[in-house]
Structure formats: C-alpha cells, structure tokens
Amino acid sequence: MDAGSWTQVTARLDTPALTADLPGHGRSAIPPNPAAGQAQEERAGQRATVGQARAEQAAPGSTASRARAEQASPRVTAGRPRAGRVGARALDPSALERWMAELLGPVTTRPVLVAHSFACGPALRYAVAHPGAISRLVLVAPAFLQNPASRLLRSWAAVPLLRHLPAARLARTLGVPEGSTADLARPGRARAVVAALRAAHAQRDELRRLLERVDVPVEIVVGSADPLTTAVDVPVTTIDGAGHYPQLTHPTELATHLEAKVGSR
C-alpha cells in the first residue's frame with residue numbers, strides 16, 4: 001500500500017516493476033487539511049484511556065497494513081493519488097476496484113500482480129473480475145488469512161499511540177526496521193492505518209470466499225513469524241525469520257522469489 005516500502009525489493013528485480021500507493025496510504029496519506037487532521041488525532045489522544053505499554057503488548061502478530069506493488073509493463077507509471085481521496089471512501093471496495101482498473105488499464109502485457117497485507121483484498125477482487133488481465137497473483141502476508149489485528153489497534157484510540165510511540169519501540173512492536181516507522185508521525189498517516197485495519201477486519205470472510213473463486217494462479221508468501229491461521233488450497237512459501245513485512249526485513253529473499261514467479265508465468 002506504500003510504494004516506498006518496496007524500494008529495496010524492486011531494486012533487486014531484473015524485471016521492470018510498477019509500484020503504487022493505495023489511495024489514502026503512503027504519499028497519499030496526507031489529508032487535505034493537515035492541521036485539522038492533527039487536531040482530530042490529538043482529541044482522540046485525550047479520550048484514550050490505554051497507555052503505550054498496553055499498545056506494545058497488543059501489537060505483536062498484528063496485521064497493520066503497509067504496502068502493495070504490482071509487476072507491470074515498463075511503459076506504465078503511477079501517479080500520486082489525490083489527497084482528497086483519503087478517508088472511508090478511499091477504502092470502499094468498489095472505489096478500490098475502479099482505482100485498480102484505472103491503474104492497470106494501460107498495461108498491454110499480462111503482469112504478475114503482487115499485493116501486501118490489506119492491499120491483498122483489492123488485488124484479489126481485481127483478479128476475480130479481470131482474470132485475463134494478469135498472469136499470476138502473489139499475496140504477501142494477506143491480512144485476511146492471518147491473525148486479525150488486536151481490538152486496541154482497530155480502535156481510534158490507537159491513532160495517537162501510533163503517532164507518539166517512540167520510534168525504536170514502535171519498530172520492535174511492528175517487527176520492522178526502525179527507520180521505516182517515521183511516516184506514522186505525519187498527519188493523517190496513523191489514522192489511515194487504523195482505518196485500513198478496521199476495513200480489513202470487516203472483509204475477512206468475504207475475501208476468503210473470493211480466494212476460492214479466483215481463476216488465475218495464486219501463490220501466498222508469508223514470514224515464519226506471521227504465518228497463516230487459515231488453511232488454503234494454494235501454494236504457500238514461508239520466508240524464515242520474516243514477520244508481516246518481508247519487503248522491509250527480507251527484501252533479497254522476497255525479490256528472488258518474485259523474480260522466479262515472473263520468469264515462470
């Protein structure tokens with residue numbers, strides 16, 4: 001969902017890749033009025049009755065969404081989604097399906113579509129609706145097949161906690177390199193993450209049913225520290241030592257695997 005988190009993976013690929021921010025995430029997570037967004041988060045912080053220590057205990061094994069990327073034609077470039085799309089409408093399944101169709105519309109090949117965490121939902125819906133448009137679907141740490149985020153992280157009280165937790169502690173909590181958490185301090189970013197967690201939780205059953213209907217080859221990649229909790233009838237590759245964000249912690253292993261999938265399409 002955040003194209004920037006895939007930089008280390010795409011740099012290791014010999015195949016051209018298109019990476020794009022899911023609307024409301026990454027570079028598009030800045031609200032139209034940053035001051036207003038920050039004020040909302042500060043008010044939520046005043047209402048919160050849970051401390052940082054409780055947030056740290058609840059987060060291990062969570063499915064905080066982070067990024068998504070697509071293997072695509074070198075002729076395609078992804079523009080920055082408009083800031084006005086941030087919010088509930090940006091997470092609406094039909095809106096995301098239209099966005100993906102617009103993004104991949106110019107592609108003249110049948111690319112390998114790769115998605116991570118919450119973005120696995122829009123990618124799966126696209127694959128079901130447009131099976132002839134892609135050659136393969138790779139779901140990296142699909143949130144709907146793993147342990148759900150804790151009730152705390154799915155509450156709006158988590159927004160100020162994500163924004164103000166010290167960087168080192170937040171990185172340990174999420175299982176990512178310390179430098180990768182700085183964007184959560186930006187106005188709107190933490191709120192977008194919590195909104196994605198809430199939406200992902202509501203769609204779990206629907207997406208599991210869709211996985212049984214998809215007509216293109218599907219493969220799942222997970223980290224050994226964040227395995228699937230639901231049995232699936234598709235190939236599953238486990239990256240030893242990785243958690244929910246293998247693109248950040250194990251980019252070489254993930255890139256090697258994706259390159260092999262592109263070569264076998």
# chains A, B, ... in the order shown; residues from 1 in each chain; ligands from 1
call {"tool": "select_by_dssp", "arguments": {"residues": "region 76-247 of chain A", "states": "helix (DSSP H, G or I)", "output": "ChimeraX atom specification"}}
result
/A:83-85,88-91,93-104,117-129,143-145,158-164,167-174,178-185,189-202,204-211,246-247
call {"tool": "residues_around", "arguments": {"residues": "Val194 (chain A)", "least_positions_apart": "5", "cutoff": "10 Å", "atoms": "only C-alpha atoms", "output": "PyMOL selection string"}}
result
chain A and resi 64-65+149+152-159+162+189+199-200
call {"tool": "write_last_selection", "arguments": {"atoms": "N, CA and C atoms", "output": "compact mmCIF listing (two decimals), in the first residue's frame"}}
result
# COMPACT_ATOMS: atom_id res chain seq x y z
N ALA A 64 -1.08 -4.86 10.77
CA ALA A 64 -1.06 -3.48 10.29
C ALA A 64 -0.64 -3.44 8.84
N SER A 65 -1.48 -2.78 8.03
CA SER A 65 -1.19 -2.76 6.62
C SER A 65 -0.02 -1.85 6.34
N ALA A 149 -5.76 -8.03 13.60
CA ALA A 149 -5.20 -7.03 14.50
C ALA A 149 -6.00 -7.02 15.80
N LEU A 152 -7.55 -3.28 20.24
CA LEU A 152 -6.98 -1.97 20.52
C LEU A 152 -6.49 -1.29 19.25
N LEU A 153 -5.75 -2.04 18.42
CA LEU A 153 -5.20 -1.44 17.20
C LEU A 153 -6.28 -1.13 16.18
N ARG A 154 -7.46 -1.74 16.34
CA ARG A 154 -8.57 -1.44 15.44
C ARG A 154 -9.46 -0.33 15.99
N SER A 155 -9.09 0.26 17.12
CA SER A 155 -9.87 1.34 17.71
C SER A 155 -9.21 2.67 17.36
N TRP A 156 -10.02 3.73 17.34
CA TRP A 156 -9.45 5.05 17.03
C TRP A 156 -8.50 5.53 18.12
N ALA A 157 -8.57 4.91 19.30
CA ALA A 157 -7.63 5.28 20.36
C ALA A 157 -6.20 4.95 19.98
N ALA A 158 -6.01 4.04 19.00
CA ALA A 158 -4.67 3.66 18.59
C ALA A 158 -3.99 4.73 17.76
N VAL A 159 -4.75 5.68 17.19
CA VAL A 159 -4.16 6.68 16.30
C VAL A 159 -3.08 7.50 17.00
N LEU A 162 0.02 5.30 17.88
CA LEU A 162 0.91 5.02 16.76
C LEU A 162 1.76 6.24 16.41
N ARG A 189 -1.43 9.83 8.59
CA ARG A 189 -0.91 8.50 8.28
C ARG A 189 -1.38 7.45 9.27
N ALA A 199 -11.17 -1.84 8.22
CA ALA A 199 -11.76 -2.34 6.98
C ALA A 199 -11.33 -3.78 6.71
N ALA A 200 -10.05 -4.07 6.94
CA ALA A 200 -9.55 -5.42 6.70
C ALA A 200 -10.27 -6.44 7.58
call {"tool": "residues_around", "arguments": {"residues": "region 241-253 of chain A", "least_positions_apart": "6", "cutoff": "6 Å", "atoms": "only C-alpha atoms", "output": "list in words"}}
result
Trp6, Gln8, Val9, Ala141, Gly223, Ser224, Ala225 and Asp226 of chain A
call {"tool": "atom_distance", "arguments": {"atom1": "CA of Pro160 (chain A)", "atom2": "CA of Gln203 (chain A)"}}
result
24.7 Å
call {"tool": "residues_around", "arguments": {"residues": "Pro142 (chain A)", "least_positions_apart": "3", "cutoff": "6 Å", "atoms": "only C-alpha atoms", "output": "ChimeraX atom specification"}}
result
/A:117,120,139,145
call {"tool": "write_last_selection", "arguments": {"atoms": "C-alpha atoms", "output": "PDB file, in the first residue's frame"}}
result
ATOM      1  CA  SER A 117      -1.476  -7.167   3.675  1.00  0.00           C
ATOM      2  CA  CYS A 120      -4.382  -8.209  -0.994  1.00  0.00           C
ATOM      3  CA  LEU A 139      -0.348 -12.331  -1.999  1.00  0.00           C
ATOM      4  CA  LEU A 145      -5.740 -15.210   6.270  1.00  0.00           C
TER       5      LEU A 145
END
call {"tool": "closest_residue", "arguments": {"among": "A:His164, A:Asp183, A:Pro23, A:Leu137", "to": "Gly4 (chain A)", "atoms": "only C-alpha atoms"}}
result
A:Asp183
call {"tool": "select_by_dssp", "arguments": {"residues": "region 106-236 of chain A", "states": "strand (DSSP E or B)", "output": "list in words"}}
result
Val112, Leu113, Val114, Ala115, His116, Arg136, Leu137, Val138, Leu139, Val140, Val218, Glu219, Ile220, Val221, Val222, Gly223 and Val236 of chain A
